[in-house]
Amino acid sequence: MKLTMKSNNHITVILTNENFEKGFLRLRRSGVNLLHFPMIKTSSRKQNSNIDLRDKECIIFTSKNGVKYFFTDSLAKEIKMDEKFFVCIGKKTAQKLKEFGFKASYVCKRNYSKFMSDEIKKSGVLKDKKSLLVQGSLSNNSLLDSLISFSNTQKAIFYNTELLNKKYDDLEKICQKEEPYVIFTSPSSFDSFINHYDPKKVNIVSIGNTTSSHINIKGFNTVLTSKMQSFEGISESLMAFLKEKSEYELS
């Protein structure tokens, strides 16, 4: 059974994450007008000299970008990584690690960092290990603070995330005329969006509770928060939401 758009409806969905991810393809196949306007940009960050990867037995990744920029950094290229113990948040991060030729030693089931620490603590996988937490420039220290309460963990920033100071004329026109559904996969993508566009003119869709909470703090409400914190999950949630609103019909 397939969802198709009714002929008298025109639904536009806007993606705001850095890259177009395959997890959103099902939305396109369902018949929506799927457009991509990146709101953020990531780039590698030169490491501090006080980080000694040879001394770290465990590497903790909380995102695919963390994996990408870690293994493209000169520090990681200089040492042998085969004997490291890798901890990943979620299957997608573990899959990204696999692309670089390494298998995750432990994969956290929940795709939320606030649950990651509790799960790691219960599992005991960091016991007696010197660990490195790999994150981006906009990450806070909540996960680190929780991890160091029961483990020997150090944090390192391997990539920068910046808001794109760019206004898309086409996106402005869409927001004015169509009331599109705009998907935000991070707090930073929303912050970038509100610098140039009026969130009140769009239907705000969030990938998870962390992003939704940030949007609420900024004074705006979401029409939908995905139950699963993944691109596939948010696609499924939005399709179900639109079906309930009778904007789709089954064929």
# chains A, B, ... in the order shown; residues from 1 in each chain; ligands from 1
$ residues_around --residues "A:Ser189" --least-positions-apart "2" --cutoff "6 Å" --atoms "only C-alpha atoms" --output "number ranges by chain"
A: 39-40, 186-187, 191-192
$ write_last_selection --atoms "N, CA and C atoms" --output "PDB file, in the first residue's frame"
ATOM      1  N   MET A  39      21.101  24.664   6.421  1.00  0.00           N
ATOM      2  CA  MET A  39      21.163  25.788   7.350  1.00  0.00           C
ATOM      3  C   MET A  39      22.472  25.824   8.146  1.00  0.00           C
ATOM      4  N   ILE A  40      23.217  24.727   8.118  1.00  0.00           N
ATOM      5  CA  ILE A  40      24.463  24.655   8.871  1.00  0.00           C
ATOM      6  C   ILE A  40      25.575  24.067   8.006  1.00  0.00           C
ATOM      7  N   SER A 186      18.479  19.416  14.300  1.00  0.00           N
ATOM      8  CA  SER A 186      19.374  19.870  15.371  1.00  0.00           C
ATOM      9  C   SER A 186      18.941  21.260  15.825  1.00  0.00           C
ATOM     10  N   PRO A 187      19.269  21.636  17.059  1.00  0.00           N
ATOM     11  CA  PRO A 187      18.982  22.999  17.508  1.00  0.00           C
ATOM     12  C   PRO A 187      19.662  24.055  16.645  1.00  0.00           C
ATOM     13  N   ASP A 191      18.244  27.511  14.817  1.00  0.00           N
ATOM     14  CA  ASP A 191      18.807  28.835  15.095  1.00  0.00           C
ATOM     15  C   ASP A 191      19.186  29.552  13.802  1.00  0.00           C
ATOM     16  N   SER A 192      19.728  28.808  12.858  1.00  0.00           N
ATOM     17  CA  SER A 192      20.098  29.392  11.573  1.00  0.00           C
ATOM     18  C   SER A 192      18.856  29.828  10.798  1.00  0.00           C
TER      19      SER A 192
END
$ residues_around --residues "stretch 148-156 of chain A" --least-positions-apart "4" --cutoff "6 Å" --atoms "only C-alpha atoms" --output "VMD selection string"
chain A and resid 130 to 134
$ write_last_selection --atoms "N, CA, C and O atoms" --output "PDB file, in the first residue's frame"
ATOM      1  N   LYS A 130      40.691   4.318  29.798  1.00  0.00           N
ATOM      2  CA  LYS A 130      40.854   5.742  29.547  1.00  0.00           C
ATOM      3  C   LYS A 130      40.117   6.043  28.243  1.00  0.00           C
ATOM      4  O   LYS A 130      40.452   5.489  27.197  1.00  0.00           O
ATOM      5  N   SER A 131      39.118   6.915  28.322  1.00  0.00           N
ATOM      6  CA  SER A 131      38.231   7.118  27.174  1.00  0.00           C
ATOM      7  C   SER A 131      38.287   8.544  26.650  1.00  0.00           C
ATOM      8  O   SER A 131      38.586   9.495  27.381  1.00  0.00           O
ATOM      9  N   LEU A 132      37.961   8.669  25.356  1.00  0.00           N
ATOM     10  CA  LEU A 132      37.891   9.978  24.713  1.00  0.00           C
ATOM     11  C   LEU A 132      36.506  10.155  24.114  1.00  0.00           C
ATOM     12  O   LEU A 132      36.050   9.336  23.308  1.00  0.00           O
ATOM     13  N   LEU A 133      35.823  11.230  24.491  1.00  0.00           N
ATOM     14  CA  LEU A 133      34.506  11.574  23.965  1.00  0.00           C
ATOM     15  C   LEU A 133      34.687  12.540  22.795  1.00  0.00           C
ATOM     16  O   LEU A 133      35.205  13.647  22.964  1.00  0.00           O
ATOM     17  N   VAL A 134      34.278  12.128  21.611  1.00  0.00           N
ATOM     18  CA  VAL A 134      34.433  12.932  20.396  1.00  0.00           C
ATOM     19  C   VAL A 134      33.138  13.699  20.129  1.00  0.00           C
ATOM     20  O   VAL A 134      32.078  13.089  19.948  1.00  0.00           O
TER      21      VAL A 134
END
$ closest_atom_pairs --of "stretch 99-139 of chain A" --to "stretch 62-86 of chain A" --cutoff "6 Å" --atoms "only C-alpha atoms" --output "CSV"
residue,atom,partner,partner_atom,distance
A:Ala104,CA,A:Phe86,CA,5.1
A:Ser105,CA,A:Phe86,CA,5.0
A:Val134,CA,A:Gly66,CA,5.9
A:Gln135,CA,A:Gly66,CA,5.7
$ write_last_selection --atoms "N, CA and C atoms" --output "JSON list (two decimals), in the first residue's frame"
[["chain", "number", "residue", "atom", "x", "y", "z"],
["A", 104, "ALA", "N", 31.94, -1.27, 15.70],
["A", 104, "ALA", "CA", 31.61, -0.75, 17.03],
["A", 104, "ALA", "C", 31.70, -1.86, 18.06],
["A", 105, "SER", "N", 32.38, -1.60, 19.16],
["A", 105, "SER", "CA", 32.49, -2.57, 20.25],
["A", 105, "SER", "C", 31.22, -2.58, 21.09],
["A", 134, "VAL", "N", 34.28, 12.13, 21.61],
["A", 134, "VAL", "CA", 34.43, 12.93, 20.40],
["A", 134, "VAL", "C", 33.14, 13.70, 20.13],
["A", 135, "GLN", "N", 33.22, 15.03, 20.08],
["A", 135, "GLN", "CA", 32.03, 15.83, 19.84],
["A", 135, "GLN", "C", 32.33, 17.05, 18.97]]
$ residues_around --residues "A:Ile157" --least-positions-apart "2" --cutoff "6 Å" --atoms "only C-alpha atoms" --output "number ranges by chain"
A: 135-137, 159
$ write_last_selection --atoms "C-alpha atoms" --output "mmCIF file, in the first residue's frame"
data_model
loop_
_atom_site.group_PDB
_atom_site.id
_atom_site.type_symbol
_atom_site.label_atom_id
_atom_site.label_comp_id
_atom_site.auth_asym_id
_atom_site.auth_seq_id
_atom_site.Cartn_x
_atom_site.Cartn_y
_atom_site.Cartn_z
ATOM 1 C CA GLN A 135 32.028 15.832 19.841
ATOM 2 C CA GLY A 136 31.406 19.039 17.874
ATOM 3 C CA SER A 137 31.890 22.683 18.783
ATOM 4 C CA TYR A 159 34.707 19.544 14.188
#
$ select_by_dssp --residues "stretch 42-220 of chain A" --states "alpha helix (DSSP H)" --output "number ranges by chain"
A: 64-71, 74-77, 90-99, 113-123, 142-148, 169-177, 187-194, 209-217
$ closest_residue --among "A:Lys167, A:Glu236, A:His36, A:Phe184" --to "A:Glu21" --atoms "only C-alpha atoms"
A:His36
$ atom_distance --atom1 "atom CA of A:Arg29" --atom2 "atom CA of A:Gln95"
23.8 Å
$ atom_distance --atom1 "atom CA of A:Pro38" --atom2 "atom CA of A:Thr211"
16.5 Å
$ atom_distance --atom1 "atom CA of A:Asn33" --atom2 "atom CA of A:Lys91"
28.3 Å
$ select_by_dssp --residues "stretch 2-244 of chain A" --states "strand (DSSP E or B)" --output "PyMOL selection string"
chain A and resi 3-5+12-15+33-36+40-44+58-61+85-89+106-108+130-136+152-163+181-184+203-206+224-225
$ closest_residue --among "A:Ser188, A:Gly124, A:Lys92, A:Ser226" --to "A:Lys22" --atoms "only C-alpha atoms"
A:Lys92
$ decode --residues "stretch 129-160 of chain A" --atoms "N, CA, C and O atoms" --output "PDB file, in the first residue's frame"
ATOM      1  N   LYS A 129      39.010   1.869  31.772  1.00  0.00           N
ATOM      2  CA  LYS A 129      39.477   2.336  30.470  1.00  0.00           C
ATOM      3  C   LYS A 129      39.650   3.852  30.474  1.00  0.00           C
ATOM      4  O   LYS A 129      38.847   4.571  31.065  1.00  0.00           O
ATOM      5  N   LYS A 130      40.691   4.318  29.798  1.00  0.00           N
ATOM      6  CA  LYS A 130      40.854   5.742  29.547  1.00  0.00           C
ATOM      7  C   LYS A 130      40.117   6.043  28.243  1.00  0.00           C
ATOM      8  O   LYS A 130      40.452   5.489  27.197  1.00  0.00           O
ATOM      9  N   SER A 131      39.118   6.915  28.322  1.00  0.00           N
ATOM     10  CA  SER A 131      38.231   7.118  27.174  1.00  0.00           C
ATOM     11  C   SER A 131      38.287   8.544  26.650  1.00  0.00           C
ATOM     12  O   SER A 131      38.586   9.495  27.381  1.00  0.00           O
ATOM     13  N   LEU A 132      37.961   8.669  25.356  1.00  0.00           N
ATOM     14  CA  LEU A 132      37.891   9.978  24.713  1.00  0.00           C
ATOM     15  C   LEU A 132      36.506  10.155  24.114  1.00  0.00           C
ATOM     16  O   LEU A 132      36.050   9.336  23.308  1.00  0.00           O
ATOM     17  N   LEU A 133      35.823  11.230  24.491  1.00  0.00           N
ATOM     18  CA  LEU A 133      34.506  11.574  23.965  1.00  0.00           C
ATOM     19  C   LEU A 133      34.687  12.540  22.795  1.00  0.00           C
ATOM     20  O   LEU A 133      35.205  13.647  22.964  1.00  0.00           O
ATOM     21  N   VAL A 134      34.278  12.128  21.611  1.00  0.00           N
ATOM     22  CA  VAL A 134      34.433  12.932  20.396  1.00  0.00           C
ATOM     23  C   VAL A 134      33.138  13.699  20.129  1.00  0.00           C
ATOM     24  O   VAL A 134      32.078  13.089  19.948  1.00  0.00           O
ATOM     25  N   GLN A 135      33.223  15.032  20.084  1.00  0.00           N
ATOM     26  CA  GLN A 135      32.028  15.832  19.841  1.00  0.00           C
ATOM     27  C   GLN A 135      32.331  17.051  18.973  1.00  0.00           C
ATOM     28  O   GLN A 135      33.473  17.278  18.567  1.00  0.00           O
ATOM     29  N   GLY A 136      31.271  17.845  18.691  1.00  0.00           N
ATOM     30  CA  GLY A 136      31.406  19.039  17.874  1.00  0.00           C
ATOM     31  C   GLY A 136      31.431  20.292  18.722  1.00  0.00           C
ATOM     32  O   GLY A 136      31.195  20.254  19.940  1.00  0.00           O
ATOM     33  N   SER A 137      31.686  21.413  18.082  1.00  0.00           N
ATOM     34  CA  SER A 137      31.890  22.683  18.783  1.00  0.00           C
ATOM     35  C   SER A 137      30.650  23.194  19.516  1.00  0.00           C
ATOM     36  O   SER A 137      30.774  23.961  20.475  1.00  0.00           O
ATOM     37  N   LEU A 138      29.457  22.796  19.080  1.00  0.00           N
ATOM     38  CA  LEU A 138      28.239  23.291  19.718  1.00  0.00           C
ATOM     39  C   LEU A 138      27.711  22.374  20.823  1.00  0.00           C
ATOM     40  O   LEU A 138      26.676  22.648  21.411  1.00  0.00           O
ATOM     41  N   SER A 139      28.425  21.302  21.099  1.00  0.00           N
ATOM     42  CA  SER A 139      27.992  20.369  22.152  1.00  0.00           C
ATOM     43  C   SER A 139      28.213  20.996  23.527  1.00  0.00           C
ATOM     44  O   SER A 139      29.175  21.737  23.740  1.00  0.00           O
ATOM     45  N   ASN A 140      27.312  20.700  24.454  1.00  0.00           N
ATOM     46  CA  ASN A 140      27.530  21.143  25.828  1.00  0.00           C
ATOM     47  C   ASN A 140      28.232  20.029  26.605  1.00  0.00           C
ATOM     48  O   ASN A 140      28.552  18.983  26.058  1.00  0.00           O
ATOM     49  N   ASN A 141      28.466  20.269  27.873  1.00  0.00           N
ATOM     50  CA  ASN A 141      29.231  19.305  28.670  1.00  0.00           C
ATOM     51  C   ASN A 141      28.371  18.365  29.503  1.00  0.00           C
ATOM     52  O   ASN A 141      28.884  17.690  30.406  1.00  0.00           O
ATOM     53  N   SER A 142      27.070  18.309  29.220  1.00  0.00           N
ATOM     54  CA  SER A 142      26.190  17.477  30.037  1.00  0.00           C
ATOM     55  C   SER A 142      26.572  16.000  29.973  1.00  0.00           C
ATOM     56  O   SER A 142      26.612  15.316  30.995  1.00  0.00           O
ATOM     57  N   LEU A 143      26.854  15.491  28.769  1.00  0.00           N
ATOM     58  CA  LEU A 143      27.240  14.087  28.640  1.00  0.00           C
ATOM     59  C   LEU A 143      28.596  13.849  29.276  1.00  0.00           C
ATOM     60  O   LEU A 143      28.780  12.863  29.997  1.00  0.00           O
ATOM     61  N   LEU A 144      29.540  14.730  29.037  1.00  0.00           N
ATOM     62  CA  LEU A 144      30.872  14.590  29.635  1.00  0.00           C
ATOM     63  C   LEU A 144      30.777  14.575  31.150  1.00  0.00           C
ATOM     64  O   LEU A 144      31.389  13.722  31.813  1.00  0.00           O
ATOM     65  N   ASP A 145      30.030  15.505  31.734  1.00  0.00           N
ATOM     66  CA  ASP A 145      29.904  15.587  33.190  1.00  0.00           C
ATOM     67  C   ASP A 145      29.345  14.294  33.772  1.00  0.00           C
ATOM     68  O   ASP A 145      29.757  13.848  34.840  1.00  0.00           O
ATOM     69  N   SER A 146      28.390  13.706  33.048  1.00  0.00           N
ATOM     70  CA  SER A 146      27.806  12.461  33.513  1.00  0.00           C
ATOM     71  C   SER A 146      28.804  11.305  33.404  1.00  0.00           C
ATOM     72  O   SER A 146      28.925  10.484  34.326  1.00  0.00           O
ATOM     73  N   LEU A 147      29.545  11.266  32.296  1.00  0.00           N
ATOM     74  CA  LEU A 147      30.508  10.182  32.092  1.00  0.00           C
ATOM     75  C   LEU A 147      31.655  10.225  33.096  1.00  0.00           C
ATOM     76  O   LEU A 147      32.088   9.190  33.611  1.00  0.00           O
ATOM     77  N   ILE A 148      32.148  11.416  33.391  1.00  0.00           N
ATOM     78  CA  ILE A 148      33.306  11.506  34.300  1.00  0.00           C
ATOM     79  C   ILE A 148      32.914  11.211  35.750  1.00  0.00           C
ATOM     80  O   ILE A 148      33.786  11.024  36.596  1.00  0.00           O
ATOM     81  N   SER A 149      31.612  11.145  36.010  1.00  0.00           N
ATOM     82  CA  SER A 149      31.184  10.802  37.368  1.00  0.00           C
ATOM     83  C   SER A 149      31.445   9.324  37.688  1.00  0.00           C
ATOM     84  O   SER A 149      31.453   8.931  38.855  1.00  0.00           O
ATOM     85  N   PHE A 150      31.661   8.503  36.630  1.00  0.00           N
ATOM     86  CA  PHE A 150      31.926   7.085  36.876  1.00  0.00           C
ATOM     87  C   PHE A 150      33.031   6.517  35.984  1.00  0.00           C
ATOM     88  O   PHE A 150      33.305   5.320  36.020  1.00  0.00           O
ATOM     89  N   SER A 151      33.680   7.375  35.172  1.00  0.00           N
ATOM     90  CA  SER A 151      34.723   6.863  34.280  1.00  0.00           C
ATOM     91  C   SER A 151      35.826   7.892  34.068  1.00  0.00           C
ATOM     92  O   SER A 151      35.674   9.075  34.404  1.00  0.00           O
ATOM     93  N   ASN A 152      36.916   7.436  33.506  1.00  0.00           N
ATOM     94  CA  ASN A 152      38.056   8.298  33.195  1.00  0.00           C
ATOM     95  C   ASN A 152      37.924   8.751  31.733  1.00  0.00           C
ATOM     96  O   ASN A 152      38.472   8.137  30.829  1.00  0.00           O
ATOM     97  N   THR A 153      37.156   9.815  31.540  1.00  0.00           N
ATOM     98  CA  THR A 153      36.823  10.267  30.187  1.00  0.00           C
ATOM     99  C   THR A 153      37.241  11.716  29.957  1.00  0.00           C
ATOM    100  O   THR A 153      37.015  12.578  30.808  1.00  0.00           O
ATOM    101  N   GLN A 154      37.822  11.967  28.807  1.00  0.00           N
ATOM    102  CA  GLN A 154      38.210  13.300  28.373  1.00  0.00           C
ATOM    103  C   GLN A 154      37.432  13.646  27.109  1.00  0.00           C
ATOM    104  O   GLN A 154      37.136  12.775  26.299  1.00  0.00           O
ATOM    105  N   LYS A 155      37.092  14.914  26.939  1.00  0.00           N
ATOM    106  CA  LYS A 155      36.355  15.359  25.759  1.00  0.00           C
ATOM    107  C   LYS A 155      37.275  16.084  24.789  1.00  0.00           C
ATOM    108  O   LYS A 155      38.170  16.823  25.190  1.00  0.00           O
ATOM    109  N   ALA A 156      37.045  15.876  23.484  1.00  0.00           N
ATOM    110  CA  ALA A 156      37.792  16.587  22.457  1.00  0.00           C
ATOM    111  C   ALA A 156      36.848  17.022  21.345  1.00  0.00           C
ATOM    112  O   ALA A 156      35.964  16.262  20.939  1.00  0.00           O
ATOM    113  N   ILE A 157      37.037  18.243  20.868  1.00  0.00           N
ATOM    114  CA  ILE A 157      36.227  18.779  19.777  1.00  0.00           C
ATOM    115  C   ILE A 157      36.956  18.522  18.463  1.00  0.00           C
ATOM    116  O   ILE A 157      38.052  19.034  18.240  1.00  0.00           O
ATOM    117  N   PHE A 158      36.345  17.725  17.585  1.00  0.00           N
ATOM    118  CA  PHE A 158      36.978  17.377  16.318  1.00  0.00           C
ATOM    119  C   PHE A 158      36.387  18.107  15.114  1.00  0.00           C
ATOM    120  O   PHE A 158      36.921  18.019  14.017  1.00  0.00           O
ATOM    121  N   TYR A 159      35.262  18.797  15.318  1.00  0.00           N
ATOM    122  CA  TYR A 159      34.707  19.544  14.188  1.00  0.00           C
ATOM    123  C   TYR A 159      33.917  20.758  14.678  1.00  0.00           C
ATOM    124  O   TYR A 159      33.426  20.797  15.803  1.00  0.00           O
ATOM    125  N   ASN A 160      33.856  21.752  13.808  1.00  0.00           N
ATOM    126  CA  ASN A 160      33.098  22.966  14.080  1.00  0.00           C
ATOM    127  C   ASN A 160      31.763  22.914  13.352  1.00  0.00           C
ATOM    128  O   ASN A 160      31.682  22.400  12.229  1.00  0.00           O
TER     129      ASN A 160
END
